[in-house]
Every structure is written in C-alpha cells, then in structure tokens.
>>> print(open('structure10.cif').read())   # mmCIF, C-alpha atoms
data_target
#
loop_
_atom_site.group_PDB
_atom_site.id
_atom_site.type_symbol
_atom_site.label_atom_id
_atom_site.label_comp_id
_atom_site.auth_asym_id
_atom_site.auth_seq_id
_atom_site.Cartn_x
_atom_site.Cartn_y
_atom_site.Cartn_z
ATOM 1 C CA MET A 73 70.799 118.318 80.248
ATOM 2 C CA TYR A 74 68.839 120.510 82.612
ATOM 3 C CA LEU A 75 70.530 123.080 84.814
ATOM 4 C CA GLU A 76 68.237 125.621 86.359
ATOM 5 C CA SER A 77 69.920 128.827 87.448
ATOM 6 C CA SER A 78 69.191 129.744 91.012
ATOM 7 C CA LYS A 79 69.585 132.870 93.070
ATOM 8 C CA LYS A 80 70.823 130.585 95.817
ATOM 9 C CA ALA A 81 74.544 129.893 95.634
ATOM 10 C CA GLY A 82 75.629 126.333 95.071
ATOM 11 C CA SER A 83 78.591 124.753 96.813
ATOM 12 C CA ILE A 84 81.022 121.863 96.748
ATOM 13 C CA GLU A 85 81.669 119.741 99.842
ATOM 14 C CA VAL A 86 84.364 117.058 99.878
ATOM 15 C CA ILE A 87 84.490 114.201 102.372
ATOM 16 C CA CYS A 88 87.819 112.388 102.039
ATOM 17 C CA GLY A 89 90.118 110.021 103.877
ATOM 18 C CA SER A 90 91.295 106.434 103.894
ATOM 19 C CA MET A 91 89.276 103.279 103.529
ATOM 20 C CA PHE A 92 87.159 102.418 106.591
ATOM 21 C CA SER A 93 87.082 106.056 107.738
ATOM 22 C CA GLY A 94 83.340 106.653 107.295
ATOM 23 C CA LYS A 95 83.332 108.695 104.064
ATOM 24 C CA THR A 96 80.289 106.991 102.548
ATOM 25 C CA GLU A 97 78.533 106.909 105.906
ATOM 26 C CA GLU A 98 78.961 110.706 106.174
ATOM 27 C CA LEU A 99 77.819 111.196 102.563
ATOM 28 C CA ILE A 100 74.657 109.184 103.247
ATOM 29 C CA ARG A 101 74.047 111.123 106.486
ATOM 30 C CA ARG A 102 74.236 114.478 104.671
ATOM 31 C CA LEU A 103 71.987 113.285 101.856
ATOM 32 C CA ARG A 104 69.402 111.860 104.272
ATOM 33 C CA ARG A 105 69.304 115.222 106.076
ATOM 34 C CA ALA A 106 68.665 116.943 102.739
ATOM 35 C CA GLN A 107 65.839 114.477 102.028
ATOM 36 C CA PHE A 108 64.365 115.143 105.471
ATOM 37 C CA ALA A 109 64.350 118.867 104.581
ATOM 38 C CA ASN A 110 62.327 117.982 101.443
ATOM 39 C CA GLN A 111 65.203 118.834 99.125
ATOM 40 C CA LYS A 112 65.346 116.976 95.826
ATOM 41 C CA ILE A 113 68.535 114.905 95.636
ATOM 42 C CA CYS A 114 70.316 112.891 92.973
ATOM 43 C CA ILE A 115 73.146 110.469 93.775
ATOM 44 C CA TYR A 116 75.808 109.063 91.465
ATOM 45 C CA LYS A 117 78.499 106.442 91.767
ATOM 46 C CA PRO A 118 80.985 104.899 89.303
ATOM 47 C CA CYS A 119 79.753 101.783 87.498
ATOM 48 C CA ILE A 120 82.857 99.874 88.559
ATOM 49 C CA ASP A 121 81.874 100.025 92.246
ATOM 50 C CA VAL A 122 79.719 96.915 92.615
ATOM 51 C CA ARG A 123 81.079 95.693 95.958
ATOM 52 C CA TYR A 124 77.766 95.813 97.824
ATOM 53 C CA SER A 125 75.246 96.847 95.171
ATOM 54 C CA GLU A 126 75.073 97.826 91.519
ATOM 55 C CA ASP A 127 72.585 100.661 92.040
ATOM 56 C CA LYS A 128 72.976 101.798 95.643
ATOM 57 C CA VAL A 129 75.647 103.648 97.564
ATOM 58 C CA VAL A 130 76.374 101.378 100.536
ATOM 59 C CA SER A 131 78.584 102.065 103.547
ATOM 60 C CA HIS A 132 80.699 99.384 105.243
ATOM 61 C CA ASP A 133 78.072 99.210 107.994
ATOM 62 C CA PHE A 134 75.457 98.520 105.277
ATOM 63 C CA HIS A 135 73.548 101.820 105.361
ATOM 64 C CA SER A 136 72.440 102.502 101.799
ATOM 65 C CA ILE A 137 70.776 105.012 99.531
ATOM 66 C CA GLU A 138 69.596 104.700 95.914
ATOM 67 C CA SER A 139 72.039 105.934 93.278
ATOM 68 C CA THR A 140 72.616 106.092 89.557
ATOM 69 C CA PRO A 141 75.746 104.242 88.358
ATOM 70 C CA ILE A 142 77.593 106.129 85.610
ATOM 71 C CA GLN A 143 80.716 105.650 83.485
ATOM 72 C CA LYS A 144 81.867 109.271 83.286
ATOM 73 C CA PRO A 145 81.103 112.570 85.040
ATOM 74 C CA SER A 146 79.434 114.201 82.022
ATOM 75 C CA GLN A 147 76.566 111.713 82.422
ATOM 76 C CA MET A 148 75.573 113.567 85.603
ATOM 77 C CA LEU A 149 74.694 116.605 83.516
ATOM 78 C CA GLU A 150 72.889 114.514 80.892
ATOM 79 C CA CYS A 151 70.546 112.764 83.319
ATOM 80 C CA LEU A 152 70.090 115.435 85.988
ATOM 81 C CA GLU A 153 66.430 115.762 86.870
ATOM 82 C CA ASN A 154 64.454 118.991 86.998
ATOM 83 C CA GLY A 155 64.670 120.852 90.310
ATOM 84 C CA VAL A 156 67.518 118.879 91.879
ATOM 85 C CA GLN A 157 68.973 120.835 94.798
ATOM 86 C CA VAL A 158 71.623 118.405 96.063
ATOM 87 C CA VAL A 159 73.893 116.052 94.117
ATOM 88 C CA GLY A 160 75.794 113.323 95.949
ATOM 89 C CA ILE A 161 78.808 111.554 94.430
ATOM 90 C CA ASP A 162 80.450 108.505 96.018
ATOM 91 C CA GLU A 163 83.820 106.900 95.250
ATOM 92 C CA ALA A 164 84.795 110.018 93.308
ATOM 93 C CA GLN A 165 88.445 108.936 93.039
ATOM 94 C CA PHE A 166 87.378 106.464 90.336
ATOM 95 C CA PHE A 167 86.242 109.262 88.006
ATOM 96 C CA ASP A 168 88.594 111.240 85.768
ATOM 97 C CA ASP A 169 89.517 114.902 86.196
ATOM 98 C CA THR A 170 86.455 116.056 84.240
ATOM 99 C CA LEU A 171 84.600 115.593 87.540
ATOM 100 C CA VAL A 172 86.109 118.918 88.668
ATOM 101 C CA ASP A 173 84.443 120.798 85.782
ATOM 102 C CA VAL A 174 81.132 118.969 86.250
ATOM 103 C CA ALA A 175 81.052 119.684 90.000
ATOM 104 C CA THR A 176 81.910 123.328 89.318
ATOM 105 C CA GLN A 177 79.152 123.623 86.719
ATOM 106 C CA LEU A 178 76.607 122.099 89.101
ATOM 107 C CA ALA A 179 77.641 124.403 91.957
ATOM 108 C CA ASP A 180 77.677 127.443 89.671
ATOM 109 C CA ASN A 181 74.050 126.615 88.853
ATOM 110 C CA GLY A 182 72.973 126.687 92.502
ATOM 111 C CA ILE A 183 73.309 123.009 93.340
ATOM 112 C CA ARG A 184 74.922 121.717 96.530
ATOM 113 C CA VAL A 185 77.428 119.027 95.492
ATOM 114 C CA VAL A 186 78.540 116.540 98.171
ATOM 115 C CA ILE A 187 81.465 114.351 97.127
ATOM 116 C CA ALA A 188 83.068 111.409 98.954
ATOM 117 C CA GLY A 189 86.288 109.669 97.948
ATOM 118 C CA LEU A 190 89.738 108.447 98.814
ATOM 119 C CA ASP A 191 92.265 111.267 98.856
ATOM 120 C CA MET A 192 95.261 108.908 98.506
ATOM 121 C CA ASP A 193 95.852 105.672 96.632
ATOM 122 C CA PHE A 194 97.440 102.544 98.111
ATOM 123 C CA LEU A 195 100.914 104.058 97.572
ATOM 124 C CA GLY A 196 100.056 107.176 99.580
ATOM 125 C CA LYS A 197 99.878 109.395 96.468
ATOM 126 C CA PRO A 198 97.055 111.887 95.703
ATOM 127 C CA PHE A 199 94.224 109.966 94.036
ATOM 128 C CA GLY A 200 92.268 111.016 90.949
ATOM 129 C CA PRO A 201 90.318 114.271 90.996
ATOM 130 C CA ILE A 202 90.036 114.457 94.793
ATOM 131 C CA PRO A 203 92.974 116.867 95.381
ATOM 132 C CA ALA A 204 91.641 119.326 92.768
ATOM 133 C CA LEU A 205 88.127 119.037 94.209
ATOM 134 C CA MET A 206 89.499 119.766 97.680
ATOM 135 C CA ALA A 207 91.132 122.918 96.318
ATOM 136 C CA ILE A 208 87.886 124.353 94.898
ATOM 137 C CA ALA A 209 85.483 123.134 97.607
ATOM 138 C CA GLU A 210 83.792 125.433 100.079
ATOM 139 C CA ASP A 211 84.041 122.695 102.695
ATOM 140 C CA VAL A 212 86.500 119.804 103.098
ATOM 141 C CA GLN A 213 86.177 117.210 105.822
ATOM 142 C CA LYS A 214 89.009 114.735 106.181
ATOM 143 C CA VAL A 215 87.847 111.709 108.130
ATOM 144 C CA HIS A 216 90.129 109.083 109.637
ATOM 145 C CA ALA A 217 89.945 105.390 110.298
ATOM 146 C CA ILE A 218 91.733 103.767 113.222
ATOM 147 C CA CYS A 219 95.138 102.216 112.544
ATOM 148 C CA VAL A 220 94.793 98.435 112.898
ATOM 149 C CA LYS A 221 98.404 98.183 114.131
ATOM 150 C CA CYS A 222 98.649 100.874 116.837
ATOM 151 C CA GLY A 223 95.238 102.518 117.290
ATOM 152 C CA SER A 224 96.297 105.998 116.094
ATOM 153 C CA PRO A 225 94.230 107.948 113.561
ATOM 154 C CA ALA A 226 94.782 106.303 110.160
ATOM 155 C CA GLN A 227 94.988 108.203 106.885
ATOM 156 C CA HIS A 228 96.453 105.479 104.643
ATOM 157 C CA SER A 229 94.747 102.581 102.847
ATOM 158 C CA HIS A 230 97.443 99.894 102.906
ATOM 159 C CA ARG A 231 96.958 97.185 100.302
ATOM 160 C CA LEU A 232 97.608 93.691 101.622
ATOM 161 C CA SER A 233 97.932 92.043 98.212
ATOM 162 C CA LYS A 234 100.920 92.356 95.854
ATOM 163 C CA ASN A 235 98.749 93.646 92.997
ATOM 164 C CA ASP A 236 100.238 96.882 91.559
ATOM 165 C CA ASP A 237 97.124 97.982 89.627
ATOM 166 C CA LEU A 238 95.939 101.424 90.704
ATOM 167 C CA VAL A 239 92.326 100.300 91.116
ATOM 168 C CA VAL A 240 91.683 97.071 93.009
ATOM 169 C CA LEU A 241 88.247 96.815 94.587
ATOM 170 C CA GLY A 242 88.235 95.175 97.960
ATOM 171 C CA GLU A 243 87.396 95.291 101.601
ATOM 172 C CA LYS A 244 89.211 94.168 104.751
ATOM 173 C CA ASP A 245 90.565 91.189 102.829
ATOM 174 C CA VAL A 246 92.536 93.519 100.526
ATOM 175 C CA TYR A 247 93.083 96.759 102.518
ATOM 176 C CA GLU A 248 93.787 97.866 106.049
ATOM 177 C CA PRO A 249 93.836 101.382 107.499
ATOM 178 C CA LEU A 250 97.223 102.485 108.836
ATOM 179 C CA CYS A 251 98.660 105.643 110.386
ATOM 180 C CA ARG A 252 101.678 107.324 108.775
ATOM 181 C CA HIS A 253 104.233 105.502 110.951
ATOM 182 C CA CYS A 254 102.727 102.031 110.496
ATOM 183 C CA PHE A 255 102.202 102.652 106.758
ATOM 184 C CA ASN A 256 105.858 103.653 106.370
ATOM 185 C CA GLU A 257 106.931 100.504 108.232
ATOM 186 C CA ALA A 258 104.638 98.270 106.175
ATOM 187 C CA THR A 259 105.845 99.723 102.883
ATOM 188 C CA GLY A 260 109.527 99.835 103.811
ATOM 189 C CA LYS A 261 109.773 103.648 103.895
ATOM 190 C CA ASN A 262 111.188 103.602 107.428
ATOM 191 C CA LYS A 263 114.377 101.797 106.382
#
>>> encode(input="structure10.cif", output="structure tokens")
Amino acid sequence: MYLESSKKAGSIEVICGSMFSGKTEELIRRLRRAQFANQKICIYKPCIDVRYSEDKVVSHDFHSIESTPIQKPSQMLECLENGVQVVGIDEAQFFDDTLVDVATQLADNGIRVVIAGLDMDFLGKPFGPIPALMAIAEDVQKVHAICVKCGSPAQHSHRLSKNDDLVVLGEKDVYEPLCRHCFNEATGKNK
C-alpha cells in the first residue's frame, strides 16, 4: 500500500441518484477533466459489475474509461499506484461499509475521491455505503433520470421483475426510472 501524504487537502465527492440518471457519465466526465489537467488517476469498480465490460467503467451511452475491478474496498489501498491524485469509484453501492473508511483514508492523504452509486435500492431504501459517504463528503450531487410514466424528475429505480434479491444486475429490461408518485403507484404504496 502506498499513500503519500500531501500538503494539499483531499476530498470526497459523491454522485448519486437512480438508474439512468447519468451518474457514471458524470464520473467519467470528472475523471477525464482530471486526466486533461495531467493528474494521475486510478479508477475502481466492483468485480460483479460486468454488464458492459469486465475492466472498464461504461456509461449507458457507452462512454468508457479503464478501471480496475476489485472484490472489496481494501484492495484500493493495496494496489494504489505512486503519485495518484484522483481516485474514481463506480457502482459504489455494491461495496460494503468499509468503503467509507477507505475513502476517508484516501482523502486524508490528499487524494480527491470521486464516487458514483445508487443512493436507493429497488425498494426505495438507502443502499449500501452511499448514505454514509454522502454524510462525510465535501460535495454531493444528486442526479435525476426522467420518469418513464409522467416525465417528472425520477429518483427511484423501479424493478420490473419479481426477483426480491437486493442485487440484480440489469438495464432497461429489468429497471425503469420513476418519480416518487409513479413509484408509489407501481409498488402499491398509494393504496
């Protein structure tokens, strides 16, 4: 593990929202800007996310950037390269709560940490480490999709299948973005 102390303060940025809201697209945009500024970056994603690529972070509109797939957050510290200034993390909701400590350690060592992930699961409940990361972040950006039923801003990822597992990878065939009202109607909460 290599963590170089820096006089420059690190930070944590969280990009969160529902599926199809542009979280990964925004993560890639921020990381590309860092690359353009000649900053050394390192990007991680959970091994289970193989929807578009095993070793790239890919947005729904197929923009991509190279990444390192990992099983657990501590691996970020183990394989962090010398001189890294920015760490990007996609699909952070799939990691356990140790991600909060790892992100804090990176930021405390002068690294800018940019994290993207779902803030709620398919039931509308806080998802994984995202709520805790939002609490300690210097910057939180909540992005919204468009509700496929009414066109309002959507903050829910409504699962179309009857599968009750917490983690079900999928795209438009499995999930749709809905606003609060349409989500409550679809899930029977408006009865």
>>> resolve_selection(input="structure10.cif", expression="the PyMOL selection byres ((chain A and resi 236-239) around 10)", output="list of chain:residue names")
A:Ile120, A:Gln165, A:Phe166, A:Asp193, A:Phe194, A:Leu195, A:Phe199, A:Arg231, A:Ser233, A:Lys234, A:Asn235, A:Val240, A:Leu241, A:Gly242
>>> resolve_selection(input="structure10.cif", expression="the PyMOL selection byres ((chain A and resi 183) around 10)", output="list in words")
Leu75, Glu76, Ser77, Ser78, Lys80, Ala81, Gly82, Ser83, Ile84, Ile113, Gly155, Val156, Gln157, Val158, Val159, Ala175, Thr176, Gln177, Leu178, Ala179, Asp180, Asn181, Gly182, Arg184, Val185 and Val186 of chain A
>>> write_last_selection(input="structure10.cif", atoms="C-alpha atoms", output="short mmCIF file (atom, residue, chain, number, x, y, z; two decimals), keeping the file's coordinate frame")
data_model
loop_
_atom_site.label_atom_id
_atom_site.label_comp_id
_atom_site.auth_asym_id
_atom_site.auth_seq_id
_atom_site.Cartn_x
_atom_site.Cartn_y
_atom_site.Cartn_z
CA LEU A 75 70.53 123.08 84.81
CA GLU A 76 68.24 125.62 86.36
CA SER A 77 69.92 128.83 87.45
CA SER A 78 69.19 129.74 91.01
CA LYS A 80 70.82 130.58 95.82
CA ALA A 81 74.54 129.89 95.63
CA GLY A 82 75.63 126.33 95.07
CA SER A 83 78.59 124.75 96.81
CA ILE A 84 81.02 121.86 96.75
CA ILE A 113 68.54 114.90 95.64
CA GLY A 155 64.67 120.85 90.31
CA VAL A 156 67.52 118.88 91.88
CA GLN A 157 68.97 120.84 94.80
CA VAL A 158 71.62 118.40 96.06
CA VAL A 159 73.89 116.05 94.12
CA ALA A 175 81.05 119.68 90.00
CA THR A 176 81.91 123.33 89.32
CA GLN A 177 79.15 123.62 86.72
CA LEU A 178 76.61 122.10 89.10
CA ALA A 179 77.64 124.40 91.96
CA ASP A 180 77.68 127.44 89.67
CA ASN A 181 74.05 126.62 88.85
CA GLY A 182 72.97 126.69 92.50
CA ARG A 184 74.92 121.72 96.53
CA VAL A 185 77.43 119.03 95.49
CA VAL A 186 78.54 116.54 98.17
#
>>> resolve_selection(input="structure10.cif", expression="the PyMOL selection byres ((chain A and resi 208) around 10)", output="PDB file with C-alpha atoms, in the frame of the given file")
ATOM      1  CA  SER A  83      78.591 124.753  96.813  1.00  0.00           C
ATOM      2  CA  ILE A  84      81.022 121.863  96.748  1.00  0.00           C
ATOM      3  CA  GLU A  85      81.669 119.741  99.842  1.00  0.00           C
ATOM      4  CA  VAL A  86      84.364 117.058  99.878  1.00  0.00           C
ATOM      5  CA  VAL A 172      86.109 118.918  88.668  1.00  0.00           C
ATOM      6  CA  ALA A 175      81.052 119.684  90.000  1.00  0.00           C
ATOM      7  CA  THR A 176      81.910 123.328  89.318  1.00  0.00           C
ATOM      8  CA  PRO A 203      92.974 116.867  95.381  1.00  0.00           C
ATOM      9  CA  ALA A 204      91.641 119.326  92.768  1.00  0.00           C
ATOM     10  CA  LEU A 205      88.127 119.037  94.209  1.00  0.00           C
ATOM     11  CA  MET A 206      89.499 119.766  97.680  1.00  0.00           C
ATOM     12  CA  ALA A 207      91.132 122.918  96.318  1.00  0.00           C
ATOM     13  CA  ALA A 209      85.483 123.134  97.607  1.00  0.00           C
ATOM     14  CA  GLU A 210      83.792 125.433 100.079  1.00  0.00           C
ATOM     15  CA  ASP A 211      84.041 122.695 102.695  1.00  0.00           C
ATOM     16  CA  VAL A 212      86.500 119.804 103.098  1.00  0.00           C
TER      17      VAL A 212
END
>>> closest_residue(input="structure10.cif", among="A:Ser93, A:Ser229, A:Cys251, A:Ile218", to="Pro198 in chain A", atoms="all atoms listed in the file")
A:Ser229
>>> build_atoms(input="structure10.cif", residues="range 194-205 of chain A", atoms="all heavy atoms", output="PDB file, in the frame of the given file")
ATOM      1  N   PHE A 194      96.778 103.509  97.231  1.00  0.00           N
ATOM      2  CA  PHE A 194      97.440 102.544  98.111  1.00  0.00           C
ATOM      3  C   PHE A 194      98.928 102.823  98.299  1.00  0.00           C
ATOM      4  O   PHE A 194      99.551 102.295  99.216  1.00  0.00           O
ATOM      5  CB  PHE A 194      97.219 101.111  97.601  1.00  0.00           C
ATOM      6  CG  PHE A 194      98.043 100.749  96.399  1.00  0.00           C
ATOM      7  CD1 PHE A 194      99.158  99.934  96.536  1.00  0.00           C
ATOM      8  CD2 PHE A 194      97.708 101.200  95.130  1.00  0.00           C
ATOM      9  CE1 PHE A 194      99.918  99.586  95.424  1.00  0.00           C
ATOM     10  CE2 PHE A 194      98.454 100.863  94.024  1.00  0.00           C
ATOM     11  CZ  PHE A 194      99.570 100.057  94.166  1.00  0.00           C
ATOM     12  N   LEU A 195      99.507 103.676  97.449  1.00  0.00           N
ATOM     13  CA  LEU A 195     100.914 104.058  97.572  1.00  0.00           C
ATOM     14  C   LEU A 195     101.096 105.328  98.406  1.00  0.00           C
ATOM     15  O   LEU A 195     102.227 105.758  98.639  1.00  0.00           O
ATOM     16  CB  LEU A 195     101.530 104.274  96.186  1.00  0.00           C
ATOM     17  CG  LEU A 195     101.570 103.052  95.274  1.00  0.00           C
ATOM     18  CD1 LEU A 195     101.981 103.445  93.864  1.00  0.00           C
ATOM     19  CD2 LEU A 195     102.508 102.000  95.848  1.00  0.00           C
ATOM     20  N   GLY A 196      99.984 105.931  98.820  1.00  0.00           N
ATOM     21  CA  GLY A 196     100.056 107.176  99.580  1.00  0.00           C
ATOM     22  C   GLY A 196     100.174 108.405  98.699  1.00  0.00           C
ATOM     23  O   GLY A 196     100.570 109.471  99.160  1.00  0.00           O
ATOM     24  N   LYS A 197      99.819 108.281  97.434  1.00  0.00           N
ATOM     25  CA  LYS A 197      99.878 109.395  96.468  1.00  0.00           C
ATOM     26  C   LYS A 197      98.472 109.980  96.284  1.00  0.00           C
ATOM     27  O   LYS A 197      97.481 109.265  96.396  1.00  0.00           O
ATOM     28  CB  LYS A 197     100.368 108.896  95.107  1.00  0.00           C
ATOM     29  CG  LYS A 197     101.680 108.145  95.164  1.00  0.00           C
ATOM     30  CD  LYS A 197     102.830 109.071  94.956  1.00  0.00           C
ATOM     31  CE  LYS A 197     104.102 108.263  94.802  1.00  0.00           C
ATOM     32  NZ  LYS A 197     105.132 108.665  95.694  1.00  0.00           N
ATOM     33  N   PRO A 198      98.368 111.302  95.974  1.00  0.00           N
ATOM     34  CA  PRO A 198      97.055 111.887  95.703  1.00  0.00           C
ATOM     35  C   PRO A 198      96.311 111.080  94.635  1.00  0.00           C
ATOM     36  O   PRO A 198      96.911 110.624  93.669  1.00  0.00           O
ATOM     37  CB  PRO A 198      97.401 113.294  95.202  1.00  0.00           C
ATOM     38  CG  PRO A 198      98.715 113.597  95.851  1.00  0.00           C
ATOM     39  CD  PRO A 198      99.452 112.280  95.868  1.00  0.00           C
ATOM     40  N   PHE A 199      95.004 110.904  94.837  1.00  0.00           N
ATOM     41  CA  PHE A 199      94.224 109.966  94.036  1.00  0.00           C
ATOM     42  C   PHE A 199      93.165 110.684  93.198  1.00  0.00           C
ATOM     43  O   PHE A 199      92.261 111.326  93.725  1.00  0.00           O
ATOM     44  CB  PHE A 199      93.547 108.972  94.963  1.00  0.00           C
ATOM     45  CG  PHE A 199      93.110 107.666  94.325  1.00  0.00           C
ATOM     46  CD1 PHE A 199      92.617 106.652  95.112  1.00  0.00           C
ATOM     47  CD2 PHE A 199      93.190 107.435  92.962  1.00  0.00           C
ATOM     48  CE1 PHE A 199      92.192 105.449  94.569  1.00  0.00           C
ATOM     49  CE2 PHE A 199      92.779 106.238  92.393  1.00  0.00           C
ATOM     50  CZ  PHE A 199      92.285 105.240  93.209  1.00  0.00           C
ATOM     51  N   GLY A 200      93.279 110.530  91.882  1.00  0.00           N
ATOM     52  CA  GLY A 200      92.268 111.016  90.949  1.00  0.00           C
ATOM     53  C   GLY A 200      91.968 112.493  91.099  1.00  0.00           C
ATOM     54  O   GLY A 200      92.859 113.296  91.380  1.00  0.00           O
ATOM     55  N   PRO A 201      90.696 112.862  90.951  1.00  0.00           N
ATOM     56  CA  PRO A 201      90.318 114.271  90.996  1.00  0.00           C
ATOM     57  C   PRO A 201      90.139 114.834  92.409  1.00  0.00           C
ATOM     58  O   PRO A 201      89.866 116.021  92.569  1.00  0.00           O
ATOM     59  CB  PRO A 201      88.979 114.289  90.246  1.00  0.00           C
ATOM     60  CG  PRO A 201      88.392 112.957  90.534  1.00  0.00           C
ATOM     61  CD  PRO A 201      89.569 112.000  90.566  1.00  0.00           C
ATOM     62  N   ILE A 202      90.315 114.010  93.424  1.00  0.00           N
ATOM     63  CA  ILE A 202      90.036 114.457  94.793  1.00  0.00           C
ATOM     64  C   ILE A 202      90.881 115.667  95.203  1.00  0.00           C
ATOM     65  O   ILE A 202      90.338 116.642  95.737  1.00  0.00           O
ATOM     66  CB  ILE A 202      90.168 113.304  95.811  1.00  0.00           C
ATOM     67  CG1 ILE A 202      89.193 112.169  95.475  1.00  0.00           C
ATOM     68  CG2 ILE A 202      89.931 113.801  97.234  1.00  0.00           C
ATOM     69  CD1 ILE A 202      87.729 112.530  95.554  1.00  0.00           C
ATOM     70  N   PRO A 203      92.201 115.685  94.974  1.00  0.00           N
ATOM     71  CA  PRO A 203      92.974 116.867  95.381  1.00  0.00           C
ATOM     72  C   PRO A 203      92.486 118.169  94.727  1.00  0.00           C
ATOM     73  O   PRO A 203      92.391 119.205  95.397  1.00  0.00           O
ATOM     74  CB  PRO A 203      94.404 116.537  94.941  1.00  0.00           C
ATOM     75  CG  PRO A 203      94.449 115.045  94.940  1.00  0.00           C
ATOM     76  CD  PRO A 203      93.080 114.617  94.480  1.00  0.00           C
ATOM     77  N   ALA A 204      92.145 118.123  93.451  1.00  0.00           N
ATOM     78  CA  ALA A 204      91.641 119.326  92.768  1.00  0.00           C
ATOM     79  C   ALA A 204      90.272 119.725  93.312  1.00  0.00           C
ATOM     80  O   ALA A 204      89.979 120.916  93.468  1.00  0.00           O
ATOM     81  CB  ALA A 204      91.569 119.091  91.261  1.00  0.00           C
ATOM     82  N   LEU A 205      89.433 118.742  93.622  1.00  0.00           N
ATOM     83  CA  LEU A 205      88.127 119.037  94.209  1.00  0.00           C
ATOM     84  C   LEU A 205      88.279 119.671  95.590  1.00  0.00           C
ATOM     85  O   LEU A 205      87.549 120.605  95.940  1.00  0.00           O
ATOM     86  CB  LEU A 205      87.280 117.771  94.293  1.00  0.00           C
ATOM     87  CG  LEU A 205      86.769 117.240  92.960  1.00  0.00           C
ATOM     88  CD1 LEU A 205      86.300 115.797  93.087  1.00  0.00           C
ATOM     89  CD2 LEU A 205      85.649 118.130  92.419  1.00  0.00           C
TER      90      LEU A 205
END
